[in-house]
$ cat input.csv   # CSV, C-alpha atoms
chain,number,residue,atom,x,y,z
A,39,ASP,CA,-25.3,123.9,-80.3
A,40,SER,CA,-26.8,120.7,-81.6
A,41,GLY,CA,-25.5,121.0,-85.1
A,42,VAL,CA,-29.1,120.9,-86.5
A,43,THR,CA,-30.1,124.0,-88.5
A,44,GLN,CA,-33.6,125.0,-89.1
A,45,THR,CA,-34.8,127.9,-91.2
A,46,PRO,CA,-36.7,130.1,-91.0
A,47,LYS,CA,-37.0,130.7,-87.2
A,48,HIS,CA,-40.4,132.4,-87.6
A,49,LEU,CA,-43.0,132.3,-90.3
A,50,ILE,CA,-46.3,134.2,-90.4
A,51,THR,CA,-48.7,133.4,-93.1
A,52,ALA,CA,-52.4,133.4,-93.9
A,53,THR,CA,-54.9,130.5,-94.0
A,54,GLY,CA,-54.9,128.7,-97.3
A,55,GLN,CA,-51.3,129.4,-98.0
A,56,ARG,CA,-48.4,127.0,-98.5
A,57,VAL,CA,-45.0,127.1,-96.7
A,58,THR,CA,-41.7,125.2,-96.7
A,59,LEU,CA,-39.6,124.5,-93.6
A,60,ARG,CA,-36.0,123.6,-94.1
A,61,CYS,CA,-33.7,121.4,-92.0
A,62,SER,CA,-30.0,120.6,-92.2
A,63,PRO,CA,-29.0,117.6,-90.0
A,64,ARG,CA,-25.9,117.3,-87.9
A,65,SER,CA,-22.8,116.3,-89.9
A,66,GLY,CA,-22.8,112.5,-90.3
A,67,ASP,CA,-26.4,112.0,-89.3
A,68,LEU,CA,-28.5,110.1,-91.9
A,69,SER,CA,-31.9,110.3,-90.3
A,70,VAL,CA,-34.1,113.3,-90.2
A,71,TYR,CA,-37.3,113.5,-88.1
A,72,TRP,CA,-40.0,116.1,-88.0
A,73,TYR,CA,-42.0,116.9,-84.9
A,74,GLN,CA,-44.9,119.3,-84.2
A,75,GLN,CA,-45.4,121.0,-80.9
A,76,SER,CA,-48.7,122.8,-80.5
A,77,LEU,CA,-49.5,125.1,-77.6
A,78,ASP,CA,-49.3,123.3,-74.3
A,79,GLN,CA,-48.9,120.0,-76.1
A,80,GLY,CA,-46.0,117.5,-76.3
A,81,LEU,CA,-43.9,116.6,-79.3
A,82,GLN,CA,-45.9,114.9,-81.9
A,83,PHE,CA,-44.0,112.8,-84.4
A,84,LEU,CA,-44.8,113.6,-88.0
A,85,ILE,CA,-42.4,111.8,-90.3
A,86,GLN,CA,-38.9,110.3,-90.6
A,87,TYR,CA,-36.4,110.0,-93.4
A,88,TYR,CA,-33.3,107.9,-93.6
A,89,ASN,CA,-30.7,108.5,-96.3
A,90,GLY,CA,-33.3,109.9,-98.6
A,91,GLU,CA,-36.0,107.4,-98.1
A,92,GLU,CA,-39.2,107.7,-96.0
A,93,ARG,CA,-38.9,105.4,-93.0
A,94,ALA,CA,-41.9,106.1,-90.8
A,95,LYS,CA,-45.0,108.2,-90.7
A,96,GLY,CA,-46.7,109.5,-87.6
A,97,ASN,CA,-49.7,111.8,-87.3
A,98,ILE,CA,-48.9,113.7,-90.4
A,99,LEU,CA,-51.9,115.3,-92.2
A,100,GLU,CA,-52.4,114.7,-95.9
A,101,ARG,CA,-51.8,118.4,-96.5
A,102,PHE,CA,-48.3,118.0,-95.2
A,103,SER,CA,-45.4,116.4,-97.1
A,104,ALA,CA,-41.7,116.1,-96.7
A,105,GLN,CA,-38.6,114.9,-98.5
A,106,GLN,CA,-34.9,114.4,-97.9
A,107,PHE,CA,-32.5,115.4,-100.6
A,108,PRO,CA,-29.2,113.7,-101.7
A,109,ASP,CA,-27.3,116.2,-99.5
A,110,LEU,CA,-29.4,114.9,-96.6
A,111,HIS,CA,-31.2,118.2,-95.9
A,112,SER,CA,-34.9,117.9,-95.5
A,113,GLU,CA,-37.9,120.1,-96.3
A,114,LEU,CA,-41.4,119.9,-94.7
A,115,ASN,CA,-44.1,121.3,-96.9
A,116,LEU,CA,-47.4,122.5,-95.3
A,117,SER,CA,-50.2,123.4,-97.6
A,118,SER,CA,-53.8,124.7,-97.4
A,119,LEU,CA,-52.8,126.1,-94.0
A,120,GLU,CA,-55.4,126.3,-91.2
A,121,LEU,CA,-55.3,128.3,-88.0
A,122,GLY,CA,-54.8,125.0,-86.1
A,123,ASP,CA,-51.5,124.4,-87.9
A,124,SER,CA,-49.9,127.2,-85.9
A,125,ALA,CA,-47.2,125.5,-83.9
A,126,LEU,CA,-43.5,124.9,-83.4
A,127,TYR,CA,-42.1,122.6,-85.9
A,128,PHE,CA,-38.9,120.8,-84.9
A,129,CYS,CA,-36.5,118.9,-87.0
A,130,ALA,CA,-34.2,116.3,-85.3
A,131,SER,CA,-31.4,114.1,-86.7
A,132,SER,CA,-29.7,110.9,-85.6
A,133,PHE,CA,-27.0,108.7,-87.0
A,134,GLY,CA,-29.1,105.5,-87.3
A,135,ASP,CA,-32.7,104.7,-88.2
A,136,ARG,CA,-33.6,102.2,-85.6
A,137,GLY,CA,-34.4,104.4,-82.6
A,138,ASN,CA,-31.3,103.4,-80.6
A,139,SER,CA,-29.3,106.5,-80.9
A,140,PRO,CA,-30.2,110.0,-79.5
A,141,LEU,CA,-32.1,112.5,-81.5
A,142,HIS,CA,-30.5,116.0,-81.8
A,143,PHE,CA,-33.0,118.8,-82.3
A,144,GLY,CA,-32.8,122.1,-84.1
A,145,ASN,CA,-34.3,125.2,-82.5
A,146,GLY,CA,-37.5,124.9,-84.4
A,147,THR,CA,-39.6,127.0,-86.8
A,148,ARG,CA,-42.5,128.9,-85.2
A,149,LEU,CA,-45.4,129.0,-87.7
A,150,THR,CA,-48.2,131.4,-87.1
A,151,VAL,CA,-51.2,131.1,-89.4
A,152,THR,CA,-53.5,134.1,-89.3
B,274,ASP,CA,-53.5,106.5,-75.9
B,275,GLN,CA,-50.5,108.0,-74.2
B,276,GLN,CA,-47.7,105.5,-74.3
B,277,VAL,CA,-45.3,107.7,-72.3
B,278,LYS,CA,-46.6,109.6,-69.3
B,279,GLN,CA,-45.2,112.2,-67.1
B,280,ASN,CA,-47.8,112.7,-64.4
B,281,SER,CA,-46.3,115.8,-62.8
B,282,PRO,CA,-46.7,118.9,-64.9
B,283,SER,CA,-44.4,120.8,-62.7
B,284,LEU,CA,-41.9,120.4,-59.8
B,285,SER,CA,-40.2,123.0,-57.6
B,286,VAL,CA,-36.9,122.2,-55.8
B,287,GLN,CA,-34.5,124.2,-53.7
B,288,GLU,CA,-31.1,124.9,-55.1
B,289,GLY,CA,-28.6,122.2,-54.0
B,290,ARG,CA,-31.2,119.6,-53.3
B,291,ILE,CA,-32.1,116.6,-55.4
B,292,SER,CA,-34.6,116.8,-58.3
B,293,ILE,CA,-36.5,113.6,-59.2
B,294,LEU,CA,-38.5,113.6,-62.4
B,295,ASN,CA,-40.6,110.6,-63.1
B,296,CYS,CA,-41.8,108.9,-66.3
B,297,ASP,CA,-44.1,105.9,-66.9
B,298,TYR,CA,-44.6,103.9,-70.0
B,299,THR,CA,-47.1,101.4,-71.2
B,300,ASN,CA,-45.5,99.7,-74.2
B,301,SER,CA,-43.4,96.7,-73.1
B,302,MET,CA,-41.6,96.8,-76.4
B,303,PHE,CA,-39.8,100.0,-75.5
B,304,ASP,CA,-36.1,99.2,-75.0
B,305,TYR,CA,-34.4,102.6,-75.3
B,306,PHE,CA,-35.2,105.6,-73.1
B,307,LEU,CA,-34.0,109.2,-73.2
B,308,TRP,CA,-34.3,112.4,-71.2
B,309,TYR,CA,-34.3,115.8,-72.8
B,310,LYS,CA,-34.2,119.3,-71.4
B,311,LYS,CA,-35.9,122.2,-73.1
B,312,TYR,CA,-35.5,125.9,-72.5
B,313,PRO,CA,-38.0,128.4,-74.0
B,314,ALA,CA,-37.4,129.3,-77.7
B,315,GLU,CA,-34.9,126.5,-78.0
B,316,GLY,CA,-35.1,122.9,-79.2
B,317,PRO,CA,-34.9,120.0,-76.8
B,318,THR,CA,-31.4,119.1,-75.7
B,319,PHE,CA,-30.4,115.5,-75.2
B,320,LEU,CA,-29.3,114.8,-71.6
B,321,ILE,CA,-28.9,111.1,-71.0
B,322,SER,CA,-30.2,107.8,-72.2
B,323,ILE,CA,-30.5,104.2,-71.0
B,324,SER,CA,-30.9,100.9,-72.7
B,325,SER,CA,-33.3,98.3,-71.3
B,326,ILE,CA,-30.3,96.0,-70.6
B,327,LYS,CA,-29.3,98.4,-67.8
B,328,ASP,CA,-31.1,99.7,-64.8
B,329,LYS,CA,-28.9,102.8,-64.2
B,330,ASN,CA,-26.9,105.2,-66.1
B,331,GLU,CA,-25.0,108.2,-64.8
B,332,ASP,CA,-23.5,111.3,-66.4
B,333,GLY,CA,-22.2,113.9,-64.0
B,334,ARG,CA,-25.1,115.3,-62.0
B,335,PHE,CA,-27.6,113.3,-64.0
B,336,THR,CA,-28.6,109.7,-63.2
B,337,VAL,CA,-31.4,107.8,-64.9
B,338,PHE,CA,-32.9,104.8,-63.3
B,339,LEU,CA,-35.0,102.2,-65.1
B,340,ASN,CA,-37.4,99.8,-63.5
B,341,LYS,CA,-38.6,97.5,-66.3
B,342,SER,CA,-41.0,95.5,-64.2
B,343,ALA,CA,-42.8,98.7,-63.1
B,344,LYS,CA,-42.4,100.3,-66.6
B,345,HIS,CA,-41.0,103.3,-64.8
B,346,LEU,CA,-38.0,105.5,-65.2
B,347,SER,CA,-36.7,108.5,-63.3
B,348,LEU,CA,-34.1,111.2,-63.7
B,349,HIS,CA,-32.2,112.4,-60.7
B,350,ILE,CA,-30.4,115.7,-60.7
B,351,VAL,CA,-28.0,116.2,-57.9
B,352,PRO,CA,-27.3,118.9,-56.9
B,353,SER,CA,-29.9,121.0,-58.6
B,354,GLN,CA,-28.9,124.4,-59.9
B,355,PRO,CA,-31.0,127.3,-61.0
B,356,GLY,CA,-29.8,126.7,-64.6
B,357,ASP,CA,-31.6,123.4,-64.5
B,358,SER,CA,-34.9,125.2,-64.6
B,359,ALA,CA,-36.5,124.0,-67.8
B,360,VAL,CA,-39.1,121.6,-69.2
B,361,TYR,CA,-37.9,117.9,-69.1
B,362,PHE,CA,-39.2,115.4,-71.6
B,363,CYS,CA,-39.0,111.7,-71.3
B,364,ALA,CA,-38.9,109.7,-74.6
B,365,ALA,CA,-38.9,106.0,-75.5
B,366,SER,CA,-38.4,103.9,-78.5
B,367,ALA,CA,-38.8,100.2,-79.5
B,368,SER,CA,-35.5,100.0,-81.4
B,369,ASN,CA,-35.7,96.3,-82.0
B,370,TYR,CA,-39.0,96.9,-83.9
B,371,GLY,CA,-37.8,100.1,-85.6
B,372,GLN,CA,-40.4,102.1,-83.8
B,373,ASN,CA,-39.8,105.8,-83.5
B,374,PHE,CA,-39.4,107.9,-80.4
B,375,VAL,CA,-42.5,108.7,-78.4
B,376,PHE,CA,-42.3,111.7,-76.1
B,377,GLY,CA,-44.0,112.4,-72.8
B,378,PRO,CA,-45.8,115.7,-72.2
B,379,GLY,CA,-43.0,117.1,-70.1
B,380,THR,CA,-42.4,118.3,-66.6
B,381,ARG,CA,-41.5,121.9,-65.8
B,382,LEU,CA,-38.8,122.0,-63.2
B,383,SER,CA,-38.1,125.2,-61.2
B,384,VAL,CA,-35.0,125.3,-59.1
B,385,LEU,CA,-35.4,128.0,-56.5
B,386,PRO,CA,-32.2,129.9,-55.3
$ encode --input "input.csv" --output "structure tokens"
Amino acid sequence: DSGVTQTPKHLITATGQRVTLRCSPRSGDLSVYWYQQSLDQGLQFLIQYYNGEERAKGNILERFSAQQFPDLHSELNLSSLELGDSALYFCASSFGDRGNSPLHFGNGTRLTVT
Amino acid sequence: DQQVKQNSPSLSVQEGRISILNCDYTNSMFDYFLWYKKYPAEGPTFLISISSIKDKNEDGRFTVFLNKSAKHLSLHIVPSQPGDSAVYFCAASASNYGQNFVFGPGTRLSVLP
């Protein structure tokens, strides 16, 4: 058990809809990262937050947004959903923000857009 | 442009033998490297890491070797066990520049009994 909790595990929704994915980091970790894994693809970095502030952005679409709350949990909001947004979305946490301590991953949210 | 490459999509090894998984990178600013293991329906699990100031790091059955001049790292698993069958991801970051982790596409390891 990595200590990172993601909810829900599965989400099925229709095109055009909006969903929110939630992540609670490991106790003591201040950084939260979001990654997307589409079918047969690697892990694509979306966005990172550190202690409530956005630290880095990757290949995140404008339809997607995220935030980290004072209790350090994070939410990833996906709107105007398209079929191609179907993927596994992973949250990971780490203590620091400099990329010199390991990431610990949750078990992901599987999003299916129909 | 793939900054982290794992050129073998899959690898099969007999139980008890050595598994060697390879990873190449192109960004010379990368200074921190990690290996993750992933089972189906689970998130990646951290296995072992290495800083660029070292060329080897060992943890039980897992050893990571780093060859900076060749921009190459490898993960050795000895002895391999059927429970090691999973997808293995290599990742790298340029921590001195605050760059986030870049992951390779993964190698599927099958350990045959």
$ residues_near_point --input "input.csv" --point "(-35.4, 108.7, -66.0)" --cutoff "12 Å" --atoms "all atoms listed in the file" --output "PyMOL selection string"
chain B and resi 277-279+292-298+305-310+320-325+328-331+335-341+344-350+361-365+377+380
$ residues_around --input "input.csv" --residues "A:Ser40" --least-positions-apart "5" --cutoff "7 Å" --atoms "only C-alpha atoms" --output "PyMOL selection string"
chain A and resi 142-144
$ closest_atom_pairs --input "input.csv" --of "chain B" --to "chain A" --cutoff "7 Å" --atoms "only C-alpha atoms" --output "Markdown table"
| residue | atom | partner | partner_atom | distance |
| --- | --- | --- | --- | --- |
| B:Tyr305 | CA | A:Asn138 | CA | 6.2 |
| B:Glu315 | CA | A:Asn145 | CA | 4.7 |
| B:Gly316 | CA | A:Asn145 | CA | 4.1 |
| B:Pro317 | CA | A:Phe143 | CA | 5.9 |
| B:Thr318 | CA | A:Phe143 | CA | 6.8 |
| B:Phe319 | CA | A:His142 | CA | 6.6 |
| B:Ser366 | CA | A:Gly137 | CA | 5.7 |
| B:Ala367 | CA | A:Gly137 | CA | 6.8 |
| B:Ser368 | CA | A:Gly137 | CA | 4.7 |
| B:Gly371 | CA | A:Arg136 | CA | 4.7 |
| B:Gln372 | CA | A:Gly137 | CA | 6.5 |
| B:Asn373 | CA | A:Gly137 | CA | 5.7 |
| B:Phe374 | CA | A:Gly137 | CA | 6.5 |
| B:Phe376 | CA | A:Leu81 | CA | 6.1 |
| B:Gly377 | CA | A:Gly80 | CA | 6.5 |
| B:Pro378 | CA | A:Gly80 | CA | 4.5 |
| B:Gly379 | CA | A:Gly80 | CA | 6.9 |
$ closest_residue --input "input.csv" --among "B:Ala359, B:Asn369, B:Val375, B:Gly333" --to "B:Leu284" --atoms "all atoms listed in the file"
B:Ala359
$ atom_distance --input "input.csv" --atom1 "atom CA of A:Ser132" --atom2 "atom CA of A:Glu100"
25.2 Å
$ atom_distance --input "input.csv" --atom1 "atom CA of B:Lys311" --atom2 "atom CA of B:Ser383"
12.5 Å
$ closest_residue --input "input.csv" --among "A:Leu121, A:Leu84, A:Leu77, A:Leu114" --to "A:Arg60" --atoms "all atoms listed in the file"
A:Leu114
